[in-house]
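Encoded as structure tokens, the structure appears first; notes follow it.
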Amino acid sequence: MQKILSHKTVSLTELRDPAKVLANAGNSPVAVLNRNKVVGYFVPSSVVDEVSFEQADSDEVRKL
């Protein structure tokens, strides 16, 4: 069973109107499903703005 990392989901068919999907999502990420399998996520920019990104150095990249 695949783990869904959001509380809200939409089907690919519902993405015909992406503005409506994002409006209904509020500030939450939305899992996009195709035949009940996650194919991606819509994440509002307000959520991404809260995350800080740092450049990894070469040692950290090698560890991964």
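Ordered as shown in the structure tokens, chains take letters A, B, and onward, while each chain numbers its residues from 1 and ligands are numbered from 1 in the order shown.
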DSSP on the backbone: which residues in chain A end up as strand (DSSP E or B)? Give the answer as an MDAnalysis selection string.
chainID A and resid 8:11 30:34 37:42
Non-local contacts of Ser6 in chain A (9 Å; only C-alpha atoms; under 6 positions in same chain excluded) as a list in words:
Ser28, Pro29, Val30, Ala31 and Tyr41 of chain A
One decimal, Å: what's the distance from CA of Phe42 in chain A over to CA of Asp57 in chain A, could you say?
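Atom-to-atom, CA of Phe42 in chain A to CA of Asp57 in chain A, that is 28.7 Å.
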So the first atom is CA of Val51 in chain A and the second is CA of Lys8 in chain A; what is the distance between them in Å, to one decimal place?
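Separation between CA of Val51 in chain A and CA of Lys8 in chain A: 20.2 Å.
Residues surrounding Leu22 in chain A within 12 Å are Lys8, Thr9, Val10, Glu14, Leu15, Arg16, Asp17, Pro18, Ala19, Lys20, Asn24, Ala25, Gly26, Asn27, Ser28, Pro29, Val30, Ala31, Val32, Tyr41, Phe42, Val43, Pro44, Ser45 and Ser46 of chain A [only C-alpha atoms; sequence separation below 2 positions excluded].
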Report, in Å to a single decimal, how far apart CA of Ser11 in chain A and CA of Asn36 in chain A are.
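The value is 8.1 Å.
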